[in-house]
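Containing mmCIF, C-alpha atoms: coords-v3.cif.
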```
data_run
loop_
_atom_site.group_PDB
_atom_site.id
_atom_site.type_symbol
_atom_site.label_atom_id
_atom_site.label_comp_id
_atom_site.auth_asym_id
_atom_site.auth_seq_id
_atom_site.Cartn_x
_atom_site.Cartn_y
_atom_site.Cartn_z
ATOM 1 C CA MET Y 9 0.000 0.000 0.000
ATOM 2 C CA GLY Y 10 3.043 2.248 0.066
ATOM 3 C CA GLU Y 11 2.581 3.299 -3.546
ATOM 4 C CA GLU Y 12 -1.062 4.121 -2.892
ATOM 5 C CA PHE Y 13 -0.141 6.294 0.089
ATOM 6 C CA SER Y 14 2.460 8.077 -2.018
ATOM 7 C CA ALA Y 15 -0.121 8.725 -4.735
ATOM 8 C CA CYS Y 16 -2.478 10.197 -2.120
ATOM 9 C CA SER Y 17 0.079 12.110 -0.083
ATOM 10 C CA ALA Y 18 -0.686 15.577 -1.464
ATOM 11 C CA LEU Y 19 -4.447 15.041 -1.226
ATOM 12 C CA LEU Y 20 -4.256 13.732 2.334
ATOM 13 C CA SER Y 21 -2.026 16.629 3.360
ATOM 14 C CA ALA Y 22 -4.250 19.165 1.643
ATOM 15 C CA LEU Y 23 -7.389 17.899 3.341
ATOM 16 C CA GLY Y 24 -5.653 17.236 6.653
ATOM 17 C CA ASN Y 25 -6.172 20.862 7.637
ATOM 18 C CA GLU Y 26 -9.552 21.876 9.020
ATOM 19 C CA ASN Y 27 -9.528 25.267 7.275
ATOM 20 C CA ARG Y 28 -8.861 23.621 3.934
ATOM 21 C CA GLN Y 29 -11.688 21.171 4.560
ATOM 22 C CA VAL Y 30 -14.067 24.077 5.160
ATOM 23 C CA ILE Y 31 -12.816 25.901 2.070
ATOM 24 C CA PHE Y 32 -13.146 22.796 -0.076
ATOM 25 C CA LEU Y 33 -16.686 22.177 1.167
ATOM 26 C CA ASP Y 34 -17.535 25.783 0.325
ATOM 27 C CA LEU Y 35 -16.212 25.252 -3.201
ATOM 28 C CA LEU Y 36 -18.249 22.057 -3.538
ATOM 29 C CA ARG Y 37 -21.394 23.946 -2.505
ATOM 30 C CA ASN Y 38 -20.574 26.614 -5.079
ATOM 31 C CA TRP Y 39 -19.436 24.435 -7.972
ATOM 32 C CA GLY Y 40 -19.454 27.277 -10.490
ATOM 33 C CA GLY Y 41 -16.586 28.892 -8.641
ATOM 34 C CA LEU Y 42 -15.791 31.566 -6.117
ATOM 35 C CA ARG Y 43 -13.342 34.413 -5.838
ATOM 36 C CA THR Y 44 -10.942 34.500 -2.912
ATOM 37 C CA TYR Y 45 -12.803 37.279 -1.101
ATOM 38 C CA GLU Y 46 -16.083 35.339 -1.413
ATOM 39 C CA ILE Y 47 -14.532 32.253 0.132
ATOM 40 C CA ALA Y 48 -12.986 34.396 2.875
ATOM 41 C CA GLU Y 49 -16.410 35.855 3.705
ATOM 42 C CA HIS Y 50 -18.069 32.425 3.718
ATOM 43 C CA VAL Y 51 -15.503 30.698 5.934
ATOM 44 C CA GLY Y 52 -14.440 33.582 8.180
ATOM 45 C CA LEU Y 53 -10.764 33.683 7.229
ATOM 46 C CA SER Y 54 -8.607 36.474 5.823
ATOM 47 C CA LYS Y 55 -8.020 36.677 2.076
ATOM 48 C CA PRO Y 56 -4.263 35.957 2.437
ATOM 49 C CA THR Y 57 -5.026 32.874 4.547
ATOM 50 C CA VAL Y 58 -7.574 31.629 2.010
ATOM 51 C CA SER Y 59 -5.085 32.245 -0.816
ATOM 52 C CA HIS Y 60 -2.460 30.195 1.034
ATOM 53 C CA HIS Y 61 -4.855 27.281 1.512
ATOM 54 C CA LEU Y 62 -6.085 27.453 -2.094
ATOM 55 C CA SER Y 63 -2.488 27.262 -3.293
ATOM 56 C CA ILE Y 64 -1.922 24.048 -1.331
ATOM 57 C CA MET Y 65 -5.138 22.513 -2.639
ATOM 58 C CA LYS Y 66 -4.261 23.573 -6.188
ATOM 59 C CA LYS Y 67 -0.871 21.824 -5.905
ATOM 60 C CA ALA Y 68 -2.679 18.720 -4.646
ATOM 61 C CA GLY Y 69 -4.820 18.772 -7.777
ATOM 62 C CA ILE Y 70 -8.190 19.165 -6.078
ATOM 63 C CA VAL Y 71 -8.771 22.854 -6.819
ATOM 64 C CA SER Y 72 -8.488 24.660 -10.140
ATOM 65 C CA VAL Y 73 -8.346 28.343 -10.917
ATOM 66 C CA GLU Y 74 -9.792 30.096 -13.927
ATOM 67 C CA HIS Y 75 -8.537 33.531 -14.916
ATOM 68 C CA ILE Y 76 -11.281 35.779 -16.243
ATOM 69 C CA GLY Y 77 -9.505 39.001 -17.069
ATOM 70 C CA THR Y 78 -7.898 40.042 -13.799
ATOM 71 C CA VAL Y 79 -10.299 37.943 -11.713
ATOM 72 C CA ARG Y 80 -9.379 34.505 -10.392
ATOM 73 C CA VAL Y 81 -12.231 32.080 -9.859
ATOM 74 C CA TYR Y 82 -11.539 28.930 -7.845
ATOM 75 C CA HIS Y 83 -13.525 25.729 -8.134
ATOM 76 C CA PRO Y 84 -13.098 22.007 -7.427
ATOM 77 C CA SER Y 85 -10.876 20.432 -10.019
ATOM 78 C CA GLU Y 86 -12.529 18.239 -12.609
ATOM 79 C CA ASN Y 87 -9.508 15.934 -12.396
ATOM 80 C CA THR Y 88 -10.780 12.762 -10.725
ATOM 81 C CA LYS Y 89 -7.391 11.028 -10.434
ATOM 82 C CA PRO Y 90 -6.650 12.164 -6.843
ATOM 83 C CA TRP Y 91 -10.070 10.880 -5.754
ATOM 84 C CA LYS Y 92 -9.612 7.597 -7.611
ATOM 85 C CA ASN Y 93 -6.238 7.113 -5.911
ATOM 86 C CA LEU Y 94 -7.797 7.830 -2.516
ATOM 87 C CA SER Y 95 -10.626 5.414 -3.237
ATOM 88 C CA GLN Y 96 -8.177 2.660 -4.179
ATOM 89 C CA LEU Y 97 -6.125 3.268 -1.031
ATOM 90 C CA ALA Y 98 -9.214 3.192 1.179
ATOM 91 C CA TRP Y 99 -10.459 0.004 -0.483
ATOM 92 C CA LYS Y 100 -7.105 -1.795 -0.073
ATOM 93 C CA ALA Y 101 -6.823 -0.693 3.561
ATOM 94 C CA TYR Y 102 -10.402 -1.815 4.199
ATOM 95 C CA ARG Y 103 -9.786 -5.225 2.616
ATOM 96 C CA PHE Y 104 -6.529 -5.695 4.534
ATOM 97 C CA VAL Y 105 -8.131 -4.889 7.879
ATOM 98 C CA GLU Y 106 -11.180 -7.002 7.078
ATOM 99 C CA GLU Y 107 -8.976 -10.003 6.228
ATOM 100 C CA GLU Y 108 -6.824 -9.589 9.334
ATOM 101 C CA VAL Y 109 -9.813 -9.260 11.639
ATOM 102 C CA SER Y 110 -11.375 -12.406 10.209
ATOM 103 C CA LYS Y 111 -8.262 -14.507 10.966
ATOM 104 C CA GLU Y 112 -9.260 -16.354 14.126
ATOM 105 C CA THR Y 113 -10.418 -13.094 15.705
ATOM 106 C CA CYS Y 114 -7.025 -11.411 15.478
ATOM 107 C CA PRO Y 115 -4.748 -13.863 17.319
ATOM 108 C CA LYS Y 116 -1.854 -11.379 17.121
ATOM 109 C CA ILE Y 117 -3.789 -8.803 19.130
ATOM 110 C CA HIS Y 118 -4.946 -11.349 21.682
ATOM 111 C CA THR Y 119 -1.404 -12.752 22.017
ATOM 112 C CA PHE Y 120 -0.016 -9.242 22.424
ATOM 113 C CA LYS Y 121 -2.526 -8.429 25.149
ATOM 114 C CA ARG Y 122 -1.995 -11.750 26.928
ATOM 115 C CA GLU Y 123 1.820 -11.404 26.863
ATOM 116 C CA ARG Y 124 1.603 -7.942 28.389
ATOM 117 C CA ASN Y 125 -1.306 -8.707 30.708
ATOM 118 C CA ILE Y 126 -3.432 -5.976 29.154
ATOM 119 C CA ASP Y 127 -7.093 -5.884 30.108
ATOM 120 C CA GLU Y 128 -8.010 -2.229 29.610
ATOM 121 C CA PRO Y 129 -6.937 0.233 26.926
ATOM 122 C CA ASP Y 130 -3.818 2.144 27.903
ATOM 123 C CA ALA Y 131 -4.611 5.834 28.439
ATOM 124 C CA SER Y 132 -1.242 6.767 26.888
ATOM 125 C CA ASP Y 133 -2.120 5.211 23.494
#
```
In structure tokens, write the structure found in this file.
Amino acid sequence: MGEEFSACSALLSALGNENRQVIFLDLLRNWGGLRTYEIAEHVGLSKPTVSHHLSIMKKAGIVSVEHIGTVRVYHPSENTKPWKNLSQLAWKAYRFVEEEVSKETCPKIHTFKRERNIDEPDASD
């Protein structure tokens, strides 16, 4: 799954920030596109902060910008490859976990707990 994580690295990083999540959701709600100041008003951030986050999402391939004269309009990218990569990663991770869990109810976990005399979850985990 290492290759899949590498393919999704920029997307995961871009959406790993709560402000970028809010901005991206705003763009999804306004598919036709928004200018930076409109996004800033909607999400309660400054224009420079929004610009910074849009730049990161643009590099990740999930946001596109259209130049109309001197105006920049941002919208979700029509490129589906980052989402396909994420979907494939999630599916492989799901299948791996599902297969491991089904193996005699995770003997590795039970052995680990028994060897360390663990009954309750460790608060430091």
Problem - Pick from Y:Leu35, Y:Leu42, Y:Leu53, Y:Val105, whichever lies nearest to His75 (chain Y) using all atoms listed in the file - result: Y:Leu42
Practice task
Would you kindly identify which residues have an atom no farther than 9 Å from (-3.2, 20.1, 1.1), using all atoms listed in the file and the file's own coordinates, and write them out as a list in words?
Solution key: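 Within the cut-off we find Ser17, Ala18, Leu19, Leu20, Ser21, Ala22, Leu23, Gly24, Asn25, Arg28, His61, Leu62, Ser63, Ile64, Met65, Lys66, Lys67, Ala68 and Ile70 of chain Y.
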Listed atoms of region 77-94 of chain Y, axis-aligned box, 4 Å per side: centre and edge lengths to one decimal in Å, as lines of an AutoDock Vina configuration file?
```
center_x = -9.9
center_y = 23.6
center_z = -9.8
size_x = 15.3
size_y = 40.9
size_z = 22.6
```
Exercise for the section: Kindly give the distance, in Å, that separates CA of Glu11 (chain Y) and CA of Gln96 (chain Y), rounded to a single decimal. Expected result: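 We find that CA of Glu11 (chain Y) and CA of Gln96 (chain Y) lie 10.8 Å from each other.
The nearest approach to Asp34 (chain Y) among the residues Y:Tyr82, Y:Glu108, Y:Tyr102, Y:Cys16, with only C-alpha atoms taken into account, belongs to Y:Tyr82.
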Practice task
Enumerate, as a list in words, the residues matched when the PyMOL selection byres ((chain Y and resi 44) around 7) is run on the file above.
Solution key: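 On this input, the PyMOL selection byres ((chain Y and resi 44) around 7) captures Leu42, Arg43, Tyr45, Glu46, Ile47, Ala48, Lys55, Val58 and Ser59 of chain Y.
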For the selection just defined, write its residues with C-alpha atoms to a file, as an mmCIF file, in the frame of the given file.
```
data_model
loop_
_atom_site.group_PDB
_atom_site.id
_atom_site.type_symbol
_atom_site.label_atom_id
_atom_site.label_comp_id
_atom_site.auth_asym_id
_atom_site.auth_seq_id
_atom_site.Cartn_x
_atom_site.Cartn_y
_atom_site.Cartn_z
ATOM 1 C CA LEU Y 42 -15.791 31.566 -6.117
ATOM 2 C CA ARG Y 43 -13.342 34.413 -5.838
ATOM 3 C CA TYR Y 45 -12.803 37.279 -1.101
ATOM 4 C CA GLU Y 46 -16.083 35.339 -1.413
ATOM 5 C CA ILE Y 47 -14.532 32.253 0.132
ATOM 6 C CA ALA Y 48 -12.986 34.396 2.875
ATOM 7 C CA LYS Y 55 -8.020 36.677 2.076
ATOM 8 C CA VAL Y 58 -7.574 31.629 2.010
ATOM 9 C CA SER Y 59 -5.085 32.245 -0.816
#
```
Could you expand the PyMOL selection byres ((chain Y and resi 72) around 6) into the explicit residues it covers here, written as a short mmCIF file (atom, residue, chain, number, x, y, z; two decimals) with C-alpha atoms, in the frame of the given file?
```cif
data_model
loop_
_atom_site.label_atom_id
_atom_site.label_comp_id
_atom_site.auth_asym_id
_atom_site.auth_seq_id
_atom_site.Cartn_x
_atom_site.Cartn_y
_atom_site.Cartn_z
CA LYS Y 66 -4.26 23.57 -6.19
CA VAL Y 71 -8.77 22.85 -6.82
CA VAL Y 73 -8.35 28.34 -10.92
CA TYR Y 82 -11.54 28.93 -7.84
CA HIS Y 83 -13.52 25.73 -8.13
CA PRO Y 84 -13.10 22.01 -7.43
CA SER Y 85 -10.88 20.43 -10.02
#
```
Handout entry: Surrounding residues of Asn93 (chain Y) excluding itself and chain neighbours under 2 positions, 7 Å, only C-alpha atoms, as a PyMOL selection string
Key = chain Y and resi 12+15-16+89-91+95-97
Practice task
For CA of Lys100 (chain Y) and CA of Met9 (chain Y), quote the distance in Å rounded to one decimal.
Solution key: 7.3 Å
Problem - CA of Gly41 (chain Y) to CA of Val79 (chain Y), distance in Å rounded to a single decimal - result: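 CA of Val79 (chain Y) lies 11.4 Å from CA of Gly41 (chain Y).
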